[in-house]
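So this block is coords-v2.txt, compact mmCIF, C-alpha atoms and all ligand atoms:
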# COMPACT_ATOMS: atom_id res chain seq x y z
CA MET A 1 -37.17 -32.39 25.07
CA SER A 2 -35.54 -30.86 22.00
CA LYS A 3 -36.95 -27.50 20.86
CA GLY A 4 -36.25 -28.40 17.23
CA HIS A 5 -33.40 -29.30 14.94
CA VAL A 6 -31.26 -26.49 13.52
CA LEU A 7 -29.09 -26.91 10.43
CA VAL A 8 -26.20 -24.42 10.65
CA THR A 9 -24.49 -23.92 7.30
CA GLY A 10 -20.93 -22.70 7.77
CA GLY A 11 -21.18 -24.05 11.33
CA ALA A 12 -17.48 -24.96 11.49
CA GLY A 13 -16.60 -21.29 11.01
CA PHE A 14 -16.07 -18.50 13.48
CA ILE A 15 -19.63 -17.29 14.10
CA GLY A 16 -21.39 -20.58 13.25
CA SER A 17 -19.46 -22.55 15.88
CA HIS A 18 -20.41 -20.08 18.62
CA LEU A 19 -24.01 -20.21 17.46
CA ILE A 20 -23.93 -24.01 17.77
CA ASP A 21 -22.78 -23.71 21.41
CA GLN A 22 -25.68 -21.41 22.21
CA LEU A 23 -28.25 -23.54 20.36
CA LEU A 24 -27.14 -26.67 22.24
CA GLU A 25 -27.44 -24.72 25.51
CA ARG A 26 -31.01 -23.84 24.53
CA ASP A 27 -31.83 -27.54 23.94
CA PHE A 28 -31.90 -27.52 20.16
CA GLU A 29 -30.55 -30.46 18.22
CA VAL A 30 -27.91 -29.23 15.79
CA SER A 31 -26.48 -30.34 12.47
CA VAL A 32 -23.60 -28.53 10.82
CA LEU A 33 -23.08 -28.42 7.07
CA ASP A 34 -19.64 -27.14 6.12
CA CYS A 35 -17.13 -27.81 3.33
CA LEU A 36 -14.20 -26.78 5.56
CA LYS A 37 -12.71 -24.27 3.12
CA PRO A 38 -8.89 -24.38 3.31
CA GLN A 39 -8.62 -20.57 3.33
CA VAL A 40 -10.56 -20.55 6.60
CA HIS A 41 -9.41 -23.78 8.25
CA ALA A 42 -5.93 -24.59 6.89
CA ASP A 43 -4.06 -23.18 9.87
CA ALA A 44 -6.62 -24.13 12.53
CA GLU A 45 -6.25 -26.98 14.98
CA VAL A 46 -8.32 -29.81 13.50
CA ASP A 47 -9.22 -33.38 14.43
CA ALA A 48 -8.41 -36.48 12.37
CA ASP A 49 -11.39 -35.79 10.06
CA GLY A 50 -10.40 -32.18 9.44
CA TRP A 51 -13.02 -30.54 11.71
CA PRO A 52 -11.86 -27.73 14.00
CA VAL A 53 -11.31 -29.00 17.54
CA TYR A 54 -13.49 -26.23 19.02
CA LEU A 55 -16.62 -27.63 17.36
CA ASP A 56 -18.99 -29.22 19.89
CA ARG A 57 -19.08 -33.01 19.45
CA ARG A 58 -22.86 -33.11 20.00
CA ALA A 59 -23.51 -31.41 16.64
CA ARG A 60 -24.09 -33.85 13.77
CA ARG A 61 -21.38 -33.14 11.18
CA ILE A 62 -21.99 -33.10 7.45
CA ARG A 63 -18.96 -32.29 5.35
CA GLY A 64 -20.20 -31.00 2.03
CA ASP A 65 -20.43 -28.04 -0.30
CA ILE A 66 -23.86 -26.44 -0.73
CA LEU A 67 -22.99 -25.96 -4.40
CA ASP A 68 -22.73 -29.72 -4.95
CA ASP A 69 -25.79 -31.58 -6.19
CA GLY A 70 -28.14 -32.86 -3.49
CA VAL A 71 -25.89 -31.89 -0.55
CA PHE A 72 -28.24 -29.29 0.94
CA GLU A 73 -31.35 -31.38 0.31
CA SER A 74 -30.00 -34.42 2.10
CA ALA A 75 -28.72 -32.27 5.00
CA LEU A 76 -32.32 -31.11 5.55
CA THR A 77 -33.44 -34.49 6.91
CA GLY A 78 -35.26 -33.87 10.21
CA VAL A 79 -34.39 -30.16 10.18
CA THR A 80 -36.94 -27.64 11.54
CA HIS A 81 -34.82 -24.46 11.63
CA LEU A 82 -32.19 -23.15 9.23
CA ALA A 83 -29.28 -20.84 10.10
CA HIS A 84 -27.42 -19.94 6.91
CA LEU A 85 -23.94 -18.61 7.59
CA ALA A 86 -21.80 -20.33 4.94
CA ALA A 87 -20.16 -17.78 2.65
CA SER A 88 -16.90 -16.50 1.27
CA VAL A 89 -16.19 -13.52 3.47
CA GLY A 90 -13.33 -11.40 2.12
CA VAL A 91 -14.41 -7.95 0.94
CA GLY A 92 -11.13 -7.19 -0.85
CA GLN A 93 -10.82 -10.69 -2.28
CA SER A 94 -14.33 -10.46 -3.72
CA MET A 95 -13.12 -7.71 -6.09
CA THR A 96 -10.72 -10.10 -7.84
CA ASN A 97 -12.40 -13.53 -7.40
CA ILE A 98 -15.73 -12.33 -8.71
CA VAL A 99 -17.01 -15.56 -10.23
CA ASP A 100 -16.18 -17.54 -7.09
CA TYR A 101 -17.85 -15.01 -4.84
CA CYS A 102 -21.05 -14.83 -6.88
CA ARG A 103 -21.19 -18.60 -7.02
CA ASN A 104 -20.53 -19.17 -3.34
CA ASN A 105 -22.59 -16.31 -1.93
CA VAL A 106 -25.52 -16.04 -4.34
CA MET A 107 -25.82 -19.34 -6.22
CA THR A 108 -25.76 -21.15 -2.86
CA ALA A 109 -28.80 -19.10 -1.82
CA ALA A 110 -30.53 -19.98 -5.11
CA ILE A 111 -29.86 -23.69 -4.59
CA MET A 112 -31.11 -23.63 -1.01
CA LEU A 113 -34.24 -21.63 -1.79
CA GLU A 114 -35.16 -23.72 -4.81
CA THR A 115 -34.77 -26.84 -2.67
CA LEU A 116 -37.02 -25.33 0.02
CA SER A 117 -39.58 -24.34 -2.55
CA ARG A 118 -39.69 -27.62 -4.56
CA ARG A 119 -38.80 -30.40 -2.16
CA PRO A 120 -40.59 -31.71 0.94
CA HIS A 121 -39.10 -30.44 4.24
CA LYS A 122 -40.07 -29.31 7.76
CA VAL A 123 -38.23 -25.98 7.92
CA GLN A 124 -40.37 -23.49 9.86
CA ARG A 125 -37.90 -20.65 10.58
CA ILE A 126 -34.84 -19.20 8.86
CA ALA A 127 -32.07 -16.83 9.96
CA VAL A 128 -29.41 -15.70 7.47
CA ALA A 129 -26.17 -13.83 7.95
CA SER A 130 -26.24 -10.52 6.13
CA SER A 131 -23.70 -7.75 6.51
CA MET A 132 -23.26 -4.05 7.27
CA SER A 133 -21.30 -3.88 4.03
CA ILE A 134 -24.56 -3.67 2.09
CA TYR A 135 -25.04 -0.08 3.34
CA GLY A 136 -21.91 1.19 1.63
CA GLU A 137 -21.15 4.45 3.41
CA GLY A 138 -22.92 4.73 6.75
CA ALA A 139 -25.40 7.48 7.64
CA TYR A 140 -24.18 11.05 8.14
CA SER A 141 -25.60 14.25 9.50
CA GLY A 142 -25.39 17.33 7.31
CA ARG A 143 -26.95 20.77 7.22
CA CYS A 144 -30.23 19.30 5.91
CA GLY A 145 -30.47 16.42 8.41
CA THR A 146 -29.48 12.76 8.00
CA VAL A 147 -28.04 11.87 4.61
CA ALA A 148 -26.83 8.73 2.83
CA PRO A 149 -23.87 9.93 0.76
CA ALA A 150 -22.49 8.06 -2.21
CA LEU A 151 -18.98 6.64 -2.19
CA ARG A 152 -16.20 9.20 -2.28
CA PRO A 153 -15.15 10.05 -5.83
CA HIS A 154 -11.90 8.66 -7.19
CA GLU A 155 -10.28 12.12 -7.53
CA GLN A 156 -10.96 12.87 -3.85
CA LEU A 157 -9.36 9.59 -2.79
CA ALA A 158 -6.42 10.06 -5.13
CA ALA A 159 -5.88 13.44 -3.41
CA HIS A 160 -5.95 11.59 -0.05
CA GLU A 161 -8.88 13.65 1.20
CA TRP A 162 -10.58 11.01 3.27
CA GLU A 163 -13.54 12.68 4.99
CA LEU A 164 -16.95 13.20 3.37
CA ALA A 165 -18.40 16.60 2.68
CA ASP A 166 -21.70 18.10 1.55
CA GLU A 167 -22.08 19.46 -1.98
CA ASP A 168 -21.11 22.93 -0.70
CA GLY A 169 -18.02 21.52 0.99
CA SER A 170 -19.29 21.58 4.60
CA PRO A 171 -18.25 18.48 6.56
CA LEU A 172 -20.60 15.55 7.09
CA VAL A 173 -20.61 14.01 10.57
CA PRO A 174 -21.05 10.21 10.83
CA VAL A 175 -24.10 9.07 12.86
CA PRO A 176 -25.46 5.58 13.71
CA THR A 177 -26.75 3.75 10.65
CA ALA A 178 -30.31 2.43 10.88
CA GLU A 179 -31.85 -0.33 8.77
CA ASP A 180 -33.82 2.07 6.58
CA LYS A 181 -30.66 3.63 5.17
CA LEU A 182 -30.35 3.38 1.41
CA LEU A 183 -28.35 0.27 0.39
CA GLN A 184 -25.26 1.23 -1.63
CA PRO A 185 -23.05 -1.88 -1.69
CA ALA A 186 -19.50 -0.99 -2.68
CA SER A 187 -17.93 -4.42 -3.28
CA ILE A 188 -18.90 -7.68 -4.93
CA TYR A 189 -19.13 -9.25 -1.45
CA ALA A 190 -21.59 -6.53 -0.42
CA VAL A 191 -23.64 -6.90 -3.62
CA ASN A 192 -23.73 -10.67 -2.97
CA LYS A 193 -24.86 -10.15 0.61
CA ARG A 194 -27.61 -7.73 -0.41
CA ASP A 195 -28.84 -10.13 -3.09
CA HIS A 196 -28.80 -13.15 -0.82
CA GLU A 197 -30.63 -11.24 1.95
CA GLU A 198 -33.36 -10.15 -0.47
CA MET A 199 -33.61 -13.64 -2.01
CA PHE A 200 -34.15 -15.25 1.40
CA LEU A 201 -36.66 -12.63 2.53
CA SER A 202 -38.71 -12.81 -0.65
CA VAL A 203 -38.81 -16.62 -0.95
CA GLY A 204 -39.22 -17.04 2.82
CA ARG A 205 -42.29 -14.80 2.65
CA ALA A 206 -43.70 -16.59 -0.39
CA LEU A 207 -43.33 -19.96 1.35
CA GLY A 208 -44.75 -18.64 4.65
CA ILE A 209 -41.51 -19.44 6.53
CA PRO A 210 -40.61 -16.62 8.99
CA THR A 211 -37.21 -15.31 7.90
CA VAL A 212 -34.80 -12.87 9.48
CA ALA A 213 -31.64 -11.42 7.95
CA LEU A 214 -29.11 -10.24 10.53
CA ARG A 215 -26.87 -7.47 9.24
CA LEU A 216 -23.71 -8.14 11.17
CA PHE A 217 -21.24 -5.36 11.83
CA ASN A 218 -17.58 -6.24 12.53
CA ALA A 219 -17.70 -9.44 14.54
CA TYR A 220 -14.66 -10.43 16.58
CA GLY A 221 -13.78 -13.03 19.20
CA SER A 222 -12.29 -16.45 19.73
CA ARG A 223 -12.10 -18.89 16.80
CA GLN A 224 -11.67 -16.13 14.24
CA ALA A 225 -9.49 -17.30 11.34
CA LEU A 226 -6.26 -15.52 12.24
CA SER A 227 -4.26 -16.47 9.17
CA ASN A 228 -6.94 -15.54 6.64
CA PRO A 229 -5.79 -12.10 5.46
CA TYR A 230 -9.10 -11.39 3.76
CA THR A 231 -11.27 -11.23 6.88
CA GLY A 232 -11.67 -9.46 10.24
CA VAL A 233 -9.42 -6.50 10.91
CA ALA A 234 -8.92 -7.40 14.59
CA ALA A 235 -7.66 -10.88 13.69
CA ILE A 236 -5.40 -9.50 10.97
CA PHE A 237 -3.91 -6.92 13.35
CA ILE A 238 -3.33 -9.55 16.05
CA SER A 239 -1.67 -11.79 13.53
CA ARG A 240 0.68 -8.96 12.48
CA LEU A 241 1.49 -7.96 16.07
CA LEU A 242 2.22 -11.54 17.13
CA ASN A 243 4.66 -11.72 14.25
CA ASP A 244 6.23 -8.43 15.49
CA GLN A 245 4.97 -6.54 12.45
CA PRO A 246 2.99 -3.28 12.54
CA PRO A 247 -0.72 -3.50 11.66
CA LEU A 248 -1.23 -2.13 8.14
CA VAL A 249 -3.81 0.65 8.25
CA PHE A 250 -5.47 2.03 5.13
CA GLU A 251 -6.19 5.77 4.72
CA ASP A 252 -5.30 7.64 7.95
CA GLY A 253 -6.75 5.18 10.44
CA SER A 254 -9.56 7.49 11.58
CA GLN A 255 -12.28 5.44 9.88
CA ARG A 256 -14.99 4.45 12.38
CA ARG A 257 -16.35 0.94 12.68
CA ASP A 258 -18.60 -1.00 15.05
CA PHE A 259 -17.04 -4.07 16.69
CA VAL A 260 -19.48 -6.57 18.13
CA HIS A 261 -18.37 -9.60 20.11
CA VAL A 262 -19.17 -12.99 18.59
CA HIS A 263 -21.12 -14.08 21.69
CA ASP A 264 -23.53 -11.19 21.11
CA VAL A 265 -23.80 -12.10 17.42
CA ALA A 266 -24.48 -15.77 18.23
CA ARG A 267 -27.05 -14.73 20.86
CA ALA A 268 -28.87 -12.65 18.25
CA PHE A 269 -29.09 -15.65 15.89
CA ALA A 270 -30.14 -18.04 18.69
CA THR A 271 -32.81 -15.62 19.97
CA VAL A 272 -34.29 -15.08 16.52
CA LEU A 273 -34.39 -18.83 15.84
CA ASP A 274 -35.86 -19.50 19.28
CA SER A 275 -38.70 -16.99 18.88
CA ASP A 276 -42.18 -17.67 17.55
CA MET A 277 -42.67 -14.23 15.96
CA SER A 278 -44.09 -14.17 12.44
CA VAL A 279 -41.46 -11.95 10.95
CA TRP A 280 -39.83 -11.28 7.59
CA ASP A 281 -37.34 -8.54 8.30
CA TYR A 282 -33.72 -7.39 8.63
CA TYR A 283 -31.89 -6.19 11.72
CA ASN A 284 -28.55 -4.61 12.53
CA VAL A 285 -26.37 -6.58 14.93
CA GLY A 286 -23.69 -4.29 16.31
CA SER A 287 -22.38 -2.94 19.58
CA GLY A 288 -23.94 0.48 18.99
CA ARG A 289 -20.51 2.07 19.66
CA SER A 290 -17.92 3.26 17.21
CA ILE A 291 -14.14 3.02 17.36
CA THR A 292 -11.46 4.11 14.91
CA VAL A 293 -9.19 1.59 13.20
CA ARG A 294 -6.18 3.37 14.71
CA GLU A 295 -7.67 2.97 18.22
CA ILE A 296 -8.17 -0.75 17.60
CA ALA A 297 -4.51 -1.12 16.64
CA ALA A 298 -3.50 0.72 19.85
CA VAL A 299 -5.77 -1.35 22.14
CA LEU A 300 -4.53 -4.61 20.62
CA ALA A 301 -0.88 -3.63 20.88
CA ARG A 302 -1.43 -2.75 24.55
CA LEU A 303 -3.29 -5.98 25.33
CA LEU A 304 -0.59 -8.00 23.57
CA HIS A 305 2.20 -6.06 25.36
CA LYS A 306 3.75 -5.04 22.05
CA ASN A 307 5.29 -1.64 21.64
CA ILE A 308 4.43 -1.48 17.93
CA GLY A 309 2.41 1.32 16.36
CA PRO A 310 0.38 0.87 13.18
CA GLU A 311 1.84 1.55 9.74
CA ILE A 312 -0.45 4.16 8.23
CA LEU A 313 -0.48 3.37 4.52
CA GLY A 314 -2.20 6.56 3.35
CA GLN A 315 -3.82 4.48 0.61
CA HIS A 316 -7.45 3.72 -0.08
CA ARG A 317 -8.61 0.16 -0.70
CA VAL A 318 -11.24 0.14 -3.43
CA GLY A 319 -14.62 -0.80 -1.96
CA ASP A 320 -13.81 0.48 1.55
CA ILE A 321 -16.13 3.01 3.11
CA ARG A 322 -15.12 5.76 5.51
CA HIS A 323 -17.43 5.35 8.52
CA CYS A 324 -20.23 2.96 9.43
CA PHE A 325 -21.55 1.98 12.86
CA ALA A 326 -24.87 0.56 13.92
CA ASP A 327 -28.11 1.92 15.25
CA ILE A 328 -29.16 -1.18 17.20
CA SER A 329 -32.55 0.00 18.47
CA LYS A 330 -34.65 -2.14 16.10
CA LEU A 331 -33.27 -5.46 17.40
CA GLU A 332 -33.80 -4.27 20.97
CA ARG A 333 -37.35 -3.13 20.24
CA ASP A 334 -38.47 -6.37 18.53
CA PHE A 335 -36.36 -9.04 20.28
CA GLY A 336 -35.27 -7.30 23.51
CA LEU A 337 -31.61 -7.79 22.57
CA THR A 338 -28.78 -5.53 23.69
CA PRO A 339 -25.05 -6.34 23.51
CA ARG A 340 -23.44 -7.68 26.70
CA ARG A 341 -19.72 -7.67 25.90
CA GLY A 342 -17.76 -4.42 26.09
CA PHE A 343 -14.89 -3.83 23.65
CA GLU A 344 -11.90 -4.30 25.96
CA GLU A 345 -13.44 -7.32 27.69
CA GLY A 346 -14.28 -8.84 24.31
CA MET A 347 -10.83 -8.19 22.86
CA GLY A 348 -9.39 -9.73 26.03
CA GLU A 349 -11.33 -12.94 25.26
CA LEU A 350 -10.01 -12.94 21.67
CA ILE A 351 -6.43 -12.45 22.82
CA GLU A 352 -6.78 -15.13 25.50
CA TRP A 353 -7.82 -17.54 22.78
CA VAL A 354 -5.05 -16.41 20.45
CA SER A 355 -2.46 -17.04 23.13
CA ARG A 356 -3.64 -20.65 23.35
CA ALA A 357 -4.06 -21.20 19.59
CA ARG A 358 -1.42 -21.98 17.02
CA ARG A 359 0.71 -18.95 16.07
CA PRO A 360 -0.93 -17.36 13.02
CA VAL A 361 0.85 -17.10 9.69
CA ASP A 362 0.95 -13.44 8.68
CA ARG A 363 -0.23 -13.05 5.09
CA ALA A 364 -1.28 -9.39 5.20
CA GLN A 365 1.68 -8.19 3.12
CA THR A 366 0.99 -10.76 0.37
CA CYS A 367 -2.65 -9.74 0.35
CA LEU A 368 -1.70 -6.06 0.06
CA GLY A 369 0.62 -6.94 -2.85
CA GLU A 370 -2.25 -8.71 -4.61
CA LEU A 371 -4.50 -5.69 -4.20
CA GLN A 372 -1.80 -3.34 -5.47
CA GLY A 373 -1.17 -5.64 -8.44
CA SER A 374 -4.85 -5.53 -9.32
CA ARG A 375 -4.92 -1.72 -8.98
CA LEU A 376 -7.38 -2.03 -6.12
CA VAL A 377 -5.60 0.51 -3.93
CA VAL A 378 -5.26 4.22 -4.72
N1 LIG B 1 -17.19 -12.11 10.67
C1 LIG B 1 -17.80 -10.95 10.45
O1 LIG B 1 -17.39 -9.89 10.96
C2 LIG B 1 -19.02 -10.88 9.58
C3 LIG B 1 -19.60 -9.62 9.32
C4 LIG B 1 -20.72 -9.56 8.51
C5 LIG B 1 -21.29 -10.72 8.01
N2 LIG B 1 -20.71 -11.93 8.27
C6 LIG B 1 -21.32 -13.13 7.70
O2 LIG B 1 -21.44 -14.11 8.73
C7 LIG B 1 -21.28 -15.41 8.17
C8 LIG B 1 -20.24 -16.20 8.93
O3 LIG B 1 -19.00 -15.51 8.87
P1 LIG B 1 -17.69 -16.03 9.63
O4 LIG B 1 -16.89 -14.83 9.96
O5 LIG B 1 -18.08 -17.00 10.67
O6 LIG B 1 -16.95 -16.78 8.41
P2 LIG B 1 -16.02 -18.08 8.41
O7 LIG B 1 -15.21 -17.99 7.16
O8 LIG B 1 -15.32 -18.25 9.71
O9 LIG B 1 -17.08 -19.26 8.28
C9 LIG B 1 -17.74 -19.57 7.09
C10 LIG B 1 -17.82 -21.08 7.00
O10 LIG B 1 -18.59 -21.41 5.83
C11 LIG B 1 -18.00 -22.53 5.20
N3 LIG B 1 -18.42 -22.49 3.79
C12 LIG B 1 -18.16 -21.52 2.88
N4 LIG B 1 -18.72 -21.81 1.71
C13 LIG B 1 -19.38 -22.98 1.87
C14 LIG B 1 -20.17 -23.80 1.02
N5 LIG B 1 -20.37 -23.49 -0.26
N6 LIG B 1 -20.70 -24.94 1.52
C15 LIG B 1 -20.49 -25.30 2.81
N7 LIG B 1 -19.74 -24.56 3.66
C16 LIG B 1 -19.20 -23.41 3.20
C17 LIG B 1 -16.49 -22.34 5.42
O11 LIG B 1 -15.78 -23.56 5.33
C18 LIG B 1 -16.47 -21.77 6.84
O12 LIG B 1 -16.34 -22.79 7.82
C19 LIG B 1 -20.95 -15.20 6.69
O13 LIG B 1 -22.14 -15.35 5.95
C20 LIG B 1 -20.47 -13.76 6.62
O14 LIG B 1 -20.71 -13.18 5.35
C21 LIG B 1 -19.58 -12.03 9.04
Kindly return the structure encoded in the file as structure tokens.
Amino acid sequence: MSKGHVLVTGGAGFIGSHLIDQLLERDFEVSVLDCLKPQVHADAEVDADGWPVYLDRRARRIRGDILDDGVFESALTGVTHLAHLAASVGVGQSMTNIVDYCRNNVMTAAIMLETLSRRPHKVQRIAVASSMSIYGEGAYSGRCGTVAPALRPHEQLAAHEWELADEDGSPLVPVPTAEDKLLQPASIYAVNKRDHEEMFLSVGRALGIPTVALRLFNAYGSRQALSNPYTGVAAIFISRLLNDQPPLVFEDGSQRRDFVHVHDVARAFATVLDSDMSVWDYYNVGSGRSITVREIAAVLARLLHKNIGPEILGQHRVGDIRHCFADISKLERDFGLTPRRGFEEGMGELIEWVSRARRPVDRAQTCLGELQGSRLVV
């Protein structure tokens, strides 16, 4: 017997499609609502109707844009659980396409929540995709304990001094970022994600619908859009390497990030949706380990058998933070979840998939040119 009927918005995308696999395995019925954005799907292998071939046939498919009148409301028919993942996901792109990003990442939330609050429906649990980007800089340890520093000042970045320091100049050491860290979003995408998280949590609480926002760190794995230069760094680097080009690395490449495999991200969503906890809260979803961007470039080159080192640009991309990696203890404490995929094993899965997929078009240089033209690199 079905456990319920989940509507996955953005379900044709990278994370959503993996979530659908796991929900079907757990005996949920699934519908996917997706507008199949060309930037995400143009280079993917698709069927005659334009859906990516990796999408499980058992999921009911609704092609539509949440922003269009009545689309979300009619997709809600029979739905008991909502997983909201649809979004525009490029941090850098959000700094130039500001109207589009606010519309697609915040107005969508407004439309969905107003529908849930005014129209009849059976939704009894919600999970939404939030992002580590809402933290801005991660947490650091200084002489007075854990601190949440502001973004590095422009003059410091212009002088190519990348690391953070205390007011008296002593170095700050990055430490795992927990959910209670001050939110200091540094891009329009991050502001959007913070707003949409808070909108869902506040309306979810008011309507008595348990709601969880999952703050995803850097997700990677099969089905990632390899030709979309505005998203995941691992996919962008792979795309460059496969085209025999060096990965383009901002600053000096020593920035630390947290890479979490998409299976672990999908498992977090599926577990939260499958639970009966009365909860209105946010959780980090990361690997709990940090790795530098330069190390990622080296691992990928090795796994792809390419003798190509990264090109260190020595430039700062406006909106980028220096270090951020997750404290994942809250998700473990409340939902018993710990990541299962190690970094090399996970990257192996991504590369395996890439070797079977269509060769990606490398658009990283064009994207860099756009940023430089908009004075968004210093
Ligand atoms: N990938 C990551 O590392 C990461 C990190 C943090 C947060 N997130 C969040 O996770 C979610 C999923 O990300 P992803 O990497 O799978 O992205 P993706 O681009 O692969 O998938 C997003 C999907 O949403 C669809 N979509 C976008 N706007 C829509 C709209 N208005 N109506 C209907 N469909 C729409 C797109 O066509 C696409 O299929 C997003 O909300 C993103 O902000 C992702």
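Across the structure, atom CA of A:Val91 and atom CA of A:His261 are spaced 19.6 Å apart.
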Open item on the list: I'd like to know which of A:Leu172, A:Leu207, A:Leu24, A:Leu55 is closest to ligand LIG 1 (chain B), using all atoms listed in the file.
Closed with: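 Between A:Leu172, A:Leu207, A:Leu24, A:Leu55, the residue approaching ligand LIG 1 (chain B) most closely is A:Leu55.
The residue that comes closest to A:Ala298, out of A:Gly145, A:Gly314, A:Gly221, A:Pro246 and on the basis of only C-alpha atoms, is A:Pro246.
Atom to atom, atom CA of A:Thr115 and atom CA of A:Asp65 stand 14.6 Å apart.
You will find atom CA of A:Leu201 at 7.5 Å from atom CA of A:Ala213.
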TODO: Could you give me, as a PyMOL selection string, the residues within 9 Å of A:Gly342, counting all atoms listed in the file and dropping anything in the same chain fewer than 5 positions from it?
DONE: chain A and resi 260-261+287+347
Task: Non-local contacts of A:Met132 (9 Å; only C-alpha atoms; under 3 positions in same chain excluded) as a list in words - done: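 Returned residues: Tyr135, Gly136, Gly138, Ala190, Arg215, Leu216, Phe217, Asn218, Asn284, Val285, Cys324, Phe325 and Ala326 of chain A.
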Task: All residues 9 Å or closer to A:His84, only C-alpha atoms, same chain fewer than 4 positions away omitted, as a PyMOL selection string - done: chain A and resi 7-11+16+109+126-129
Open item on the list: Please list as JSON, numbers by chain every residue within 9 Å of A:Val272, counting all atoms listed in the file and excluding residues in the same chain fewer than 5 positions away.
Closed with: {"A": [125, 126, 127, 212, 267, 277, 335]}
Task: Closest of A:Thr271, A:Thr177, A:Ser222, A:Gln124 to A:Ala139 - atom-to-atom distances counting all atoms listed in the file - done: A:Thr177
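If only C-alpha atoms are the atoms counted, then among A:Lys181, A:Arg143, A:Lys3, A:Arg60 the closest residue to A:Ile20 is A:Arg60.
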- [ ] Using all atoms listed in the file, find the one residue out of A:Val173, A:Ile66, A:Ile351, A:Ile188 that sits nearest to A:Asn97.
- [x]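 Ranked by minimum distance to A:Asn97, first place goes to A:Ile188.
Of the residues listed (A:Pro185, A:Gly319, A:Gly348, A:Pro210), A:Pro185 shows the shortest atom-to-atom separation from A:Ser133; distances use only C-alpha atoms.
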